Amino acid sequence: MTTLDDRRIADPTLETTRLRVVLLLDVLDGRQERFLEAYEEIRHQVAGVPGHVSDQLCQSLGNSSQWLITSEWEGSEPFLAWVESAAHRKMVEPLHGCVRDTTSLRFVIARETPDPLDAPARPERRAARPGPAKGKAAAERAAGTDPLPAPPLCSGGVVRHAITFTVKPGSEPAVAKILAGYRSPQARVDDTTQLRRTSLFMHGNRVVRAVEVTGDLGNALRHVAAQPEVRAVEEAINPYLEEARDLTDGSSARAFFARAALPAVEHVTGTEAAQADGVTRRAYFYPVKPGRGEEAARLLAELDAAAAADPGQRLVGSTVFHRDGVLVRVVDLAEQQRRSPAGELADVVPEELNRLLDLGKHHDPSAAGELSYGVPAMDLITDRRAQAA
């Protein structure tokens, strides 16, 4: 194990004057690609600034809108000379329209592991453009060990995620009773993270728990898992699960939540006027044909975007969750809103969606007025909002 050598700081001749600059950014919805393009252009320009050593761009694993830029400089003087220059102001202009908020922090590097005076020289590596891991095999390796192998979808400052698992057939009433009766955990996680909403649904023997969080999803999930009331519920449903788990064992717990992860892949928000009305939450399970889930998820989002833009529709917002063969759509519907004639046809399954689904016995033409696109609503077990949300 490499250890820090306290004697380095005691000897003034060995103290470093290098500077580490940390910039925290909250990227606006729909501006991520433009943000990456701006950074790609800026990083090549700043590489030629005297005194600049290196920089990195990182994305939060718990919130896809949160990014971090770190840079290292030979000292504070060259950095301050650059940051206060007109050239710097012009260079960072493309970022202004991409970010909601920024926080800049500056630190003098005091100690480092390994010690650069002792470490062997490493070959220079070309910085890679940030983005998700490529290839199905890479994604599967990550998902096997990490419940959040990729930053979750964030829209409007809210992170959305779901987990899903199945219980033994015949145990559904007992499981529903357990899941509906627990005491809600404390909503505040830390200074930046808070639970906003938890919605539980069942479709046959499949359970879907959708959560909304402000801040870091990973921190929120760890917080919830540690609460006594939640631990008691998870222990109570363990005998009914089709696939066994042991949440007292760290590796088993991580493996379960990685298997159960049902990421949000699309989100649509309606008008502010619609959001002011009373709202009812529903969820729908769509039986997709093999390999057509991503296409069906995109199409559902397109249909919802058109419905949300229609003031005669009831749709306030929707989130589509998808992984492998599981496709779930959670919608918020205004309880009292006039419907336009076009809205009466919204529940007819569009032909392009119908060819992606295997409706069969799942088709429910009686669900008119629900914006269900042909399937019955899942059973709502509980829907809980934090008081401050």
# chains A, B, ... in the order shown; residues from 1 in each chain; ligands from 1
call {"tool": "closest_atom_pairs", "arguments": {"of": "range 146-235 of chain A", "to": "range 283-294 of chain A", "cutoff": "10 Å", "atoms": "only C-alpha atoms", "output": "JSON lines"}}
result
{"residue": "A:Ser199", "atom": "CA", "partner": "A:Ala283", "partner_atom": "CA", "distance": 9.3}
{"residue": "A:Leu200", "atom": "CA", "partner": "A:Ala283", "partner_atom": "CA", "distance": 9.3}
{"residue": "A:Phe201", "atom": "CA", "partner": "A:Ala283", "partner_atom": "CA", "distance": 7.2}
{"residue": "A:Met202", "atom": "CA", "partner": "A:Ala283", "partner_atom": "CA", "distance": 9.1}
{"residue": "A:His203", "atom": "CA", "partner": "A:Phe285", "partner_atom": "CA", "distance": 7.1}
{"residue": "A:Arg206", "atom": "CA", "partner": "A:Phe285", "partner_atom": "CA", "distance": 9.8}
{"residue": "A:Val208", "atom": "CA", "partner": "A:Ala283", "partner_atom": "CA", "distance": 9.3}
{"residue": "A:Ala210", "atom": "CA", "partner": "A:Ala283", "partner_atom": "CA", "distance": 9.8}
call {"tool": "write_last_selection", "arguments": {"atoms": "N, CA and C atoms", "output": "compact mmCIF listing (two decimals), in the first residue's frame"}}
result
# COMPACT_ATOMS: atom_id res chain seq x y z
N SER A 199 -43.52 5.66 -5.85
CA SER A 199 -44.76 5.07 -6.35
C SER A 199 -44.54 3.58 -6.58
N LEU A 200 -45.42 2.76 -6.00
CA LEU A 200 -45.31 1.31 -6.13
C LEU A 200 -46.50 0.77 -6.90
N PHE A 201 -46.20 -0.07 -7.91
CA PHE A 201 -47.24 -0.67 -8.75
C PHE A 201 -46.99 -2.16 -8.88
N MET A 202 -48.05 -2.90 -9.22
CA MET A 202 -47.90 -4.33 -9.52
C MET A 202 -48.64 -4.65 -10.80
N HIS A 203 -48.02 -5.54 -11.59
CA HIS A 203 -48.63 -6.08 -12.80
C HIS A 203 -48.49 -7.59 -12.71
N ARG A 206 -45.33 -9.00 -10.96
CA ARG A 206 -44.20 -8.08 -11.10
C ARG A 206 -44.43 -6.82 -10.29
N VAL A 208 -43.07 -2.95 -9.42
CA VAL A 208 -42.29 -1.82 -9.94
C VAL A 208 -42.34 -0.71 -8.91
N ALA A 210 -41.07 3.08 -8.49
CA ALA A 210 -40.51 4.25 -9.17
C ALA A 210 -40.22 5.33 -8.13
call {"tool": "residues_around", "arguments": {"residues": "Arg245 in chain A", "least_positions_apart": "3", "cutoff": "12 Å", "atoms": "only C-alpha atoms", "output": "JSON, numbers by chain"}}
result
{"A": [165, 234, 235, 237, 238, 239, 240, 241, 242, 248, 249, 250, 251, 252, 253, 254, 255, 256, 257, 258, 259, 260]}
call {"tool": "residues_around", "arguments": {"residues": "Arg384 in chain A", "least_positions_apart": "5", "cutoff": "8 Å", "atoms": "only C-alpha atoms", "output": "ChimeraX atom specification"}}
result
/A:184,197-199
call {"tool": "write_last_selection", "arguments": {"atoms": "N, CA, C and O atoms", "output": "compact mmCIF listing (two decimals), in the first residue's frame"}}
result
# COMPACT_ATOMS: atom_id res chain seq x y z
N SER A 184 -43.11 5.74 5.92
CA SER A 184 -42.19 6.40 4.99
C SER A 184 -40.89 6.78 5.68
O SER A 184 -40.91 7.27 6.82
N ARG A 197 -40.60 11.49 -4.20
CA ARG A 197 -41.81 10.69 -4.41
C ARG A 197 -41.43 9.24 -4.63
O ARG A 197 -40.42 8.94 -5.26
N THR A 198 -42.25 8.34 -4.10
CA THR A 198 -42.09 6.91 -4.33
C THR A 198 -43.45 6.34 -4.71
O THR A 198 -44.43 6.52 -3.99
N SER A 199 -43.52 5.66 -5.85
CA SER A 199 -44.76 5.07 -6.35
C SER A 199 -44.54 3.58 -6.58
O SER A 199 -43.58 3.20 -7.26
call {"tool": "residues_around", "arguments": {"residues": "Cys98 in chain A", "least_positions_apart": "4", "cutoff": "12 Å", "atoms": "only C-alpha atoms", "output": "ChimeraX atom specification"}}
result
/A:25-39,65-67,92-94,102
call {"tool": "atom_distance", "arguments": {"atom1": "CA of Asp101 in chain A", "atom2": "CA of Gly156 in chain A"}}
result
12.8 Å
call {"tool": "closest_residue", "arguments": {"among": "A:Leu24, A:Met378, A:Leu61, A:Val175", "to": "Val99 in chain A", "atoms": "only C-alpha atoms"}}
result
A:Leu24
call {"tool": "closest_residue", "arguments": {"among": "A:Gly215, A:Pro78, A:Pro263, A:Gly374", "to": "Glu351 in chain A", "atoms": "only C-alpha atoms"}}
result
A:Gly374
call {"tool": "closest_residue", "arguments": {"among": "A:Leu95, A:Cys58, A:Asp379, A:Glu229", "to": "Asn205 in chain A", "atoms": "only C-alpha atoms"}}
result
A:Asp379
call {"tool": "select_by_dssp", "arguments": {"residues": "range 162-359 of chain A", "states": "strand (DSSP E)", "output": "PyMOL selection string"}}
result
chain A and resi 162-166+194-203+206-214+261-269+279-285+315-323+326-334
call {"tool": "residues_around", "arguments": {"residues": "range 315-327 of chain A", "least_positions_apart": "2", "cutoff": "8 Å", "atoms": "only C-alpha atoms", "output": "compact mmCIF listing (two decimals) with N, CA and C atoms, in the first residue's frame"}}
result
# COMPACT_ATOMS: atom_id res chain seq x y z
N HIS A 161 -35.86 7.03 -11.39
CA HIS A 161 -35.31 5.68 -11.49
C HIS A 161 -36.36 4.72 -10.97
N ALA A 162 -36.24 3.45 -11.34
CA ALA A 162 -37.16 2.43 -10.84
C ALA A 162 -36.41 1.13 -10.64
N ALA A 261 -32.59 -3.01 -11.49
CA ALA A 261 -32.61 -1.64 -12.00
C ALA A 261 -33.46 -1.54 -13.26
N LEU A 262 -34.35 -0.57 -13.28
CA LEU A 262 -35.20 -0.29 -14.44
C LEU A 262 -35.03 1.21 -14.73
N PRO A 263 -34.05 1.58 -15.54
CA PRO A 263 -33.72 2.99 -15.73
C PRO A 263 -34.82 3.76 -16.47
N ALA A 264 -34.97 5.02 -16.10
CA ALA A 264 -35.81 5.94 -16.87
C ALA A 264 -35.07 6.29 -18.15
N VAL A 265 -35.73 6.16 -19.29
CA VAL A 265 -35.08 6.43 -20.57
C VAL A 265 -35.70 7.61 -21.31
N GLU A 266 -36.93 7.98 -20.95
CA GLU A 266 -37.60 9.11 -21.58
C GLU A 266 -38.45 9.82 -20.54
N HIS A 267 -38.51 11.16 -20.64
CA HIS A 267 -39.40 11.91 -19.76
C HIS A 267 -40.02 13.06 -20.54
N VAL A 268 -41.32 13.27 -20.32
CA VAL A 268 -42.07 14.33 -20.98
C VAL A 268 -42.78 15.15 -19.91
N THR A 269 -42.70 16.46 -20.01
CA THR A 269 -43.38 17.35 -19.07
C THR A 269 -44.38 18.20 -19.83
N GLY A 270 -45.60 18.33 -19.28
CA GLY A 270 -46.65 19.11 -19.92
C GLY A 270 -46.55 20.58 -19.57
N THR A 271 -47.63 21.30 -19.81
CA THR A 271 -47.65 22.74 -19.58
C THR A 271 -47.82 23.04 -18.10
N ALA A 274 -51.47 22.81 -16.92
CA ALA A 274 -51.96 21.46 -16.63
C ALA A 274 -51.45 20.98 -15.28
N GLN A 275 -50.23 21.37 -14.95
CA GLN A 275 -49.65 20.91 -13.70
C GLN A 275 -50.35 21.52 -12.49
N VAL A 279 -53.89 16.01 -9.84
CA VAL A 279 -53.19 15.05 -10.68
C VAL A 279 -53.34 13.64 -10.11
N PHE A 285 -47.87 -1.32 -18.12
CA PHE A 285 -46.84 -2.28 -18.54
C PHE A 285 -47.11 -2.67 -19.99
N TYR A 286 -46.09 -2.52 -20.83
CA TYR A 286 -46.24 -2.80 -22.26
C TYR A 286 -45.47 -4.05 -22.65
N PRO A 287 -46.17 -5.08 -23.13
CA PRO A 287 -45.49 -6.31 -23.57
C PRO A 287 -44.83 -6.08 -24.93
N VAL A 288 -43.54 -5.84 -24.93
CA VAL A 288 -42.84 -5.52 -26.18
C VAL A 288 -42.32 -6.79 -26.84
N LYS A 289 -42.26 -6.76 -28.14
CA LYS A 289 -41.66 -7.86 -28.89
C LYS A 289 -40.15 -7.86 -28.66
N PRO A 290 -39.51 -9.00 -28.75
CA PRO A 290 -38.07 -9.10 -28.49
C PRO A 290 -37.27 -8.11 -29.33
N GLY A 291 -36.41 -7.35 -28.66
CA GLY A 291 -35.54 -6.41 -29.35
C GLY A 291 -36.18 -5.11 -29.77
N GLY A 293 -37.83 -2.92 -27.57
CA GLY A 293 -38.11 -2.09 -26.42
C GLY A 293 -37.67 -0.65 -26.57
N GLU A 294 -36.44 -0.42 -27.06
CA GLU A 294 -35.93 0.95 -27.19
C GLU A 294 -36.79 1.74 -28.16
N ALA A 297 -40.11 2.58 -26.54
CA ALA A 297 -39.95 3.62 -25.52
C ALA A 297 -39.90 5.00 -26.17
N LEU A 300 -43.43 5.93 -27.49
CA LEU A 300 -44.33 6.32 -26.40
C LEU A 300 -44.04 7.75 -25.96
N ALA A 301 -42.77 8.12 -25.89
CA ALA A 301 -42.41 9.48 -25.50
C ALA A 301 -42.88 10.49 -26.55
N ASP A 304 -46.56 10.92 -26.12
CA ASP A 304 -46.85 11.70 -24.92
C ASP A 304 -46.51 13.17 -25.12
N ALA A 307 -49.38 14.65 -26.87
CA ALA A 307 -50.54 14.78 -25.99
C ALA A 307 -50.34 15.90 -24.98
N ALA A 308 -49.12 16.04 -24.45
CA ALA A 308 -48.86 17.08 -23.46
C ALA A 308 -48.98 18.48 -24.05
N GLN A 313 -55.89 17.78 -23.62
CA GLN A 313 -55.54 16.47 -23.09
C GLN A 313 -55.37 16.53 -21.58
N ARG A 329 -44.50 2.54 -18.31
CA ARG A 329 -44.74 3.98 -18.50
C ARG A 329 -45.58 4.49 -17.33
N VAL A 330 -45.03 5.49 -16.63
CA VAL A 330 -45.72 6.11 -15.50
C VAL A 330 -46.20 7.49 -15.95
N VAL A 331 -47.49 7.77 -15.76
CA VAL A 331 -48.06 9.02 -16.24
C VAL A 331 -48.78 9.74 -15.11
N ASP A 332 -48.79 11.06 -15.21
CA ASP A 332 -49.59 11.91 -14.33
C ASP A 332 -50.68 12.55 -15.18
N LEU A 333 -51.93 12.34 -14.77
CA LEU A 333 -53.08 12.84 -15.52
C LEU A 333 -53.84 13.86 -14.69
N ALA A 334 -54.19 14.99 -15.32
CA ALA A 334 -55.02 15.99 -14.65
C ALA A 334 -56.38 15.38 -14.36
N LEU A 371 -55.28 7.48 -21.74
CA LEU A 371 -54.01 7.60 -22.46
C LEU A 371 -53.12 6.39 -22.23
